[in-house]
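K.L.:
Okay, here's the structure, questions in a sec.
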Amino acid sequence: MTPPLLAPGAADALLFDLGRVVIDIDFNKTLACWAGHAGCEVAHLVGRFSPDQTFKRHETGEISDAEFFESLRTSLGLKLSDAQFLEGWTAIFVGEMPGIAPLLARAAKRLPLYAFSNTNGAHVEHFSPRYAAVLGHFRKIFLSSAIGLRKPDAAAYDHVVQAVGAAASRIVFFDDLAENIEGARARGLTAVHVTSPDDVAEALAALGI
């Protein structure tokens, strides 16, 4: 359902999450790759991976890929090389979300577009060249690993709002995670919970785009 705050002329900028909003991801592909290298069942790994403090430090650029993979050897109980971990880690990317490219192209003709993603160096290096065309619609992409801040922390939204240079209430933010939507709204942004590209299309239509 389209939030009631969306109306023609209600936005000065649009801000998009990347994973599952612009680029489709599937963590099962990551687990399947690791399980294949380890010679174990995927079920052996399900539930062992969690976005713990080390994961978050990786996403804010505090630790390297190698340090992160070393932590996975312990938490997952896998004796894989860094190269094997990296192969699985980057296998998460599926492709562009269906129909998102034309929506962004249309929106970019009317308003400045920005992206804000919780991500890490290895993923950035992987997806940046592969999705350069669709990412080219954004004036600037805010990456947690580059700015040292991640959603849903208040400071992360404040940093992005200041950099965009528009009032928070005039920035419409699209994200697939409820906690990130709540965090954005707490900092004054207008936020749209995305469960499919249809939610983006409906929101843009409500904005008169």
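How things are named: the first chain in the structure tokens is A, the next is B, and so on; residues count from 1 in each chain; ligands count from 1 in the order shown.
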With DSSP run on the backbone, what are the helix (DSSP H, G or I) residues within range 22-199 of chain A? I'd like them as JSON, numbers by chain.
P.N.:
{"A": [27, 28, 29, 30, 31, 32, 33, 34, 35, 36, 37, 38, 42, 43, 44, 53, 54, 55, 56, 57, 58, 59, 65, 66, 67, 68, 69, 70, 71, 72, 73, 74, 75, 76, 82, 83, 84, 85, 86, 87, 88, 89, 90, 100, 101, 102, 103, 104, 105, 106, 107, 108, 121, 122, 123, 124, 125, 126, 127, 128, 129, 130, 132, 133, 134, 135, 144, 145, 146, 147, 154, 155, 156, 157, 158, 159, 160, 161, 162, 163, 164, 168, 169, 170, 178, 179, 180, 181, 182, 183, 184, 185, 186, 197, 198, 199]}
K.L.:
I want to know what sits within 9 Å of range 40-54 of chain A, based on only C-alpha atoms, with residues of the same chain fewer than 5 positions away left out; could you give that as a list in words?
P.N.:
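Using only C-alpha atoms, the neighbours found are Asn28, Leu31, Ala32, Cys33, Trp34, Ala35, Glu59, Ile63, Glu67, Phe68, Ser71, Leu72, Ser75, Leu76 and Gly77 of chain A.
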K.L.:
Applying 10 Å and only C-alpha atoms, which residues near range 141-151 of chain A remain after dropping the ones on its own chain fewer than 2 positions away? List them as an NGL selection string.
P.N.:
:A and (15-18 or 56-63 or 113-122 or 124 or 135-139 or 153-157 or 159-160 or 163 or 177 or 179-181 or 183-184)
K.L.:
With distances taken over only C-alpha atoms, which of A:Asp65, A:Gly88, A:Val161, A:Gly208 is nearest to Thr190 in chain A?
P.N.:
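Of all the options, A:Val161 lies closest to Thr190 in chain A.
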K.L.:
Tell me, as a ChimeraX atom specification, which residues lie within 12 Å of Phe127 in chain A, counting only C-alpha atoms; anything in the same chain fewer than 2 positions away does not count.
P.N.:
/A:18-19,22-25,89-96,119-125,129-135
K.L.:
Could you take the residues named above and write them with N, CA and C atoms, as a short mmCIF file (atom, residue, chain, number, x, y, z; two decimals), in the first residue's frame?
P.N.:
data_model
loop_
_atom_site.label_atom_id
_atom_site.label_comp_id
_atom_site.auth_asym_id
_atom_site.auth_seq_id
_atom_site.Cartn_x
_atom_site.Cartn_y
_atom_site.Cartn_z
N LEU A 18 20.09 -0.87 -2.22
CA LEU A 18 20.48 -1.65 -3.40
C LEU A 18 19.96 -3.08 -3.36
N GLY A 19 20.35 -3.85 -2.33
CA GLY A 19 19.96 -5.25 -2.25
C GLY A 19 18.47 -5.46 -2.14
N VAL A 22 17.24 -2.72 -5.98
CA VAL A 22 17.82 -2.47 -7.30
C VAL A 22 18.50 -3.74 -7.84
N ILE A 23 19.23 -4.42 -6.98
CA ILE A 23 19.94 -5.64 -7.36
C ILE A 23 19.39 -6.81 -6.55
N ASP A 24 19.02 -7.88 -7.23
CA ASP A 24 18.47 -9.04 -6.54
C ASP A 24 19.60 -9.86 -5.93
N ILE A 25 19.38 -10.34 -4.71
CA ILE A 25 20.38 -11.16 -4.03
C ILE A 25 19.73 -12.42 -3.46
N TRP A 89 30.87 -15.69 -1.25
CA TRP A 89 30.40 -14.40 -0.76
C TRP A 89 29.83 -13.55 -1.90
N THR A 90 30.48 -13.61 -3.07
CA THR A 90 30.02 -12.81 -4.20
C THR A 90 28.99 -13.54 -5.06
N ALA A 91 28.75 -14.82 -4.76
CA ALA A 91 27.73 -15.58 -5.50
C ALA A 91 26.32 -15.12 -5.14
N ILE A 92 26.22 -14.27 -4.14
CA ILE A 92 24.91 -13.82 -3.65
C ILE A 92 24.15 -13.01 -4.69
N PHE A 93 24.85 -12.38 -5.63
CA PHE A 93 24.19 -11.49 -6.59
C PHE A 93 23.53 -12.27 -7.72
N VAL A 94 22.26 -11.97 -7.95
CA VAL A 94 21.45 -12.68 -8.94
C VAL A 94 21.33 -11.90 -10.24
N GLY A 95 21.10 -10.61 -10.15
CA GLY A 95 20.89 -9.77 -11.32
C GLY A 95 20.10 -8.54 -10.92
N GLU A 96 19.73 -7.73 -11.88
CA GLU A 96 18.90 -6.56 -11.58
C GLU A 96 17.51 -7.02 -11.14
N THR A 119 26.93 -2.55 2.93
CA THR A 119 27.69 -3.49 2.11
C THR A 119 29.14 -3.50 2.56
N ASN A 120 29.97 -4.21 1.84
CA ASN A 120 31.37 -4.39 2.22
C ASN A 120 32.25 -4.29 0.99
N GLY A 121 33.54 -4.17 1.22
CA GLY A 121 34.48 -3.96 0.12
C GLY A 121 34.44 -5.02 -0.96
N ALA A 122 34.37 -6.29 -0.56
CA ALA A 122 34.36 -7.38 -1.54
C ALA A 122 33.13 -7.31 -2.42
N HIS A 123 31.98 -7.01 -1.84
CA HIS A 123 30.76 -6.91 -2.62
C HIS A 123 30.78 -5.70 -3.55
N VAL A 124 31.28 -4.58 -3.04
CA VAL A 124 31.35 -3.35 -3.86
C VAL A 124 32.22 -3.60 -5.09
N GLU A 125 33.37 -4.24 -4.87
CA GLU A 125 34.28 -4.52 -5.97
C GLU A 125 33.63 -5.44 -7.00
N PRO A 129 31.19 -2.99 -11.24
CA PRO A 129 31.33 -3.08 -12.70
C PRO A 129 30.21 -3.88 -13.36
N ARG A 130 29.69 -4.88 -12.67
CA ARG A 130 28.68 -5.75 -13.27
C ARG A 130 27.32 -5.07 -13.42
N TYR A 131 27.04 -4.11 -12.55
CA TYR A 131 25.74 -3.43 -12.60
C TYR A 131 25.92 -1.93 -12.85
N ALA A 132 26.99 -1.60 -13.56
CA ALA A 132 27.32 -0.19 -13.81
C ALA A 132 26.19 0.55 -14.51
N ALA A 133 25.49 -0.13 -15.42
CA ALA A 133 24.43 0.54 -16.18
C ALA A 133 23.30 1.02 -15.28
N VAL A 134 22.77 0.12 -14.46
CA VAL A 134 21.64 0.50 -13.60
C VAL A 134 22.11 1.42 -12.47
N LEU A 135 23.34 1.23 -11.99
CA LEU A 135 23.87 2.09 -10.93
C LEU A 135 24.18 3.49 -11.45
#
K.L.:
Which distance in Å separates CA of Val200 in chain A and CA of Ala168 in chain A, to one decimal?
P.N.:
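Distance between the two atoms: 18.9 Å.
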K.L.:
In Å, with one decimal, what is the gap from CA of Leu207 in chain A to CA of Lys109 in chain A?
P.N.:
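Between CA of Leu207 in chain A and CA of Lys109 in chain A the gap is 13.3 Å.
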